[in-house]
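Reviewing the structure listed below.
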Amino acid sequence: MKQQKKQALEGALCCLPAAAGVGALYLAPFCMALARSLGRGMGGSFAGLENYRELLTNRAFLLAAGNTLLFWALALPLSAALGLGLALVWQKGSGHLAACGFFPAMVPAACAVAALKALFPNLAFAGAQGVGSLVALFLWKNVGCCALLFSAALRAIPTELRDTAADLGAGPLARFWRVELPLLRPAFWGCLLVSFLGSFRVFREAFLLGGAHPDNALYGVQHFLYNNFANMNYPRLAAASVLLILVTVGIGLGALGALRRSLGGRQP
C-alpha cells in the first residue's frame with residue numbers, strides 16, 4: 001500500500017510541469033476569453049450573455065458556422081473512407097510506400113494552393129467549386145495520415161482470424177466485412193479525431209484562395225474570428241472563441257470516448 005502511494009505521488013509530481021504548462025498556455029487564456037466575452041466594449045462593464053445572444057443572431061456567424069459544419073460533414077467521412085481504401089492498397093506492399101503518406105502534410109499551404117491554381121487556371125474558387133477545391137486540398141493533406149493509421153491497424157489483425165474465416169468458406173469481401181472492418185473501429189475513430197483537428201489548419205488554404213472576405217461558400221468560423229480581431233471587436237471575438245472551444249472539446253471528448261469503447265470491446 002505504501003509503495004502504491006509512493007508511486008502515485010511520484011506520478012503526480014511528474015505531471016506537475018505538464019499541468020502547469022496546460023494551465024498557463026490553455027486554461028488561463030480560456031478564462032481571460034470567457035471573462036472578456038461577458039463584458040461590454042473596451043470598457044469591460046459586465047454584459048452577461050448579451051454577447052452570446054448577439055452572436056447567435058449574427059448573420060455572418062451563422063453563415064460561417066453552417067459552412068464549417070458542412071465542411072466537416074463532407075471532409076471527415078471522405079478522409080476516413082479514402083484513407084481506408086489507400087490502406088487496403090498498401091496492405092500487400094512492403095510498407096515503404098506508406099511512408100510517403102506524410103509527404104503531402106508537410107507541403108506548405110502556399111505551395112499547395114499555387115499548384116492547384118496552376119493545374120486548374122480556369123477554376124472559379126466560389127460556390128460549389130470553391131468548396132470542392134477546399135475539400136480536395138484538405139483530403140490531399142490528410143488522407144495519407146489516415147491511411148497510415150488504417151494500415152497499422154490492418155497489419156495488427158492476426159492472420160489466424162483471416163485464415164479461419166477462409167477455412168469456413170468466407171470470400172475476400174466477406175472476410176473484410178465480417179472480420180477486418182469491426183476490428184478497424186478504433187482506427188476509424190482515431191482517423192476522424194486526427195482529421196477533425198487537422199480541419200482547423202485548412203483556414204490557410206481558404207485564406208489564400210479567397211482572402212479575408214471570400215465567397216460566401218468559403219466563409220468559415222476562422223474568417224469570422226480573423227475579421228473580428230482585425231476590427232477590434234474583442235467581446236464578440238471572445239464569445240465566438242469560447243463557443244468554438246466548447247464545441248471542439250465536446251466533439252473531441254466524444255471521439256475519444258468512442259475510441260476507448262471500441263478498444264475496450266476488444267479486450268478479453
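As shown in the C-alpha cells, the chain order sets the letters A, B, ...; within each chain, residues go from 1, and ligands are also counted from 1 in the order they appear.
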As number ranges by chain, please: every residue in stretch 103-146 of chain A that a backbone DSSP assignment puts in alpha helix (DSSP H). A: 103-106, 109-119, 127-146
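Note that the spacing between atom CA of A:Pro108 and atom CA of A:Leu137 amounts to 11.5 Å.
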Option closest in space to A:Phe46, from A:Pro235, A:Leu123, A:Ala18, A:Leu259 [counting only C-alpha atoms]: A:Pro235
Just asking: which residues within stretch 29-74 of chain A are strand (DSSP E or B) according to DSSP, as a ChimeraX atom specification? /A:39-40,45-46
Proximity check stretch 55-133 of chain A to stretch 186-199 of chain A, 8 Å, nearest pairs one decimal Å, only C-alpha atoms, as a tab-separated table:
```
residue	atom	partner	partner_atom	distance
A:Trp72	CA	A:Phe196	CA	7.4
A:Leu76	CA	A:Leu192	CA	6.1
A:Pro77	CA	A:Leu192	CA	7.5
A:Ser79	CA	A:Ser195	CA	7.2
A:Ala80	CA	A:Cys191	CA	6.2
```
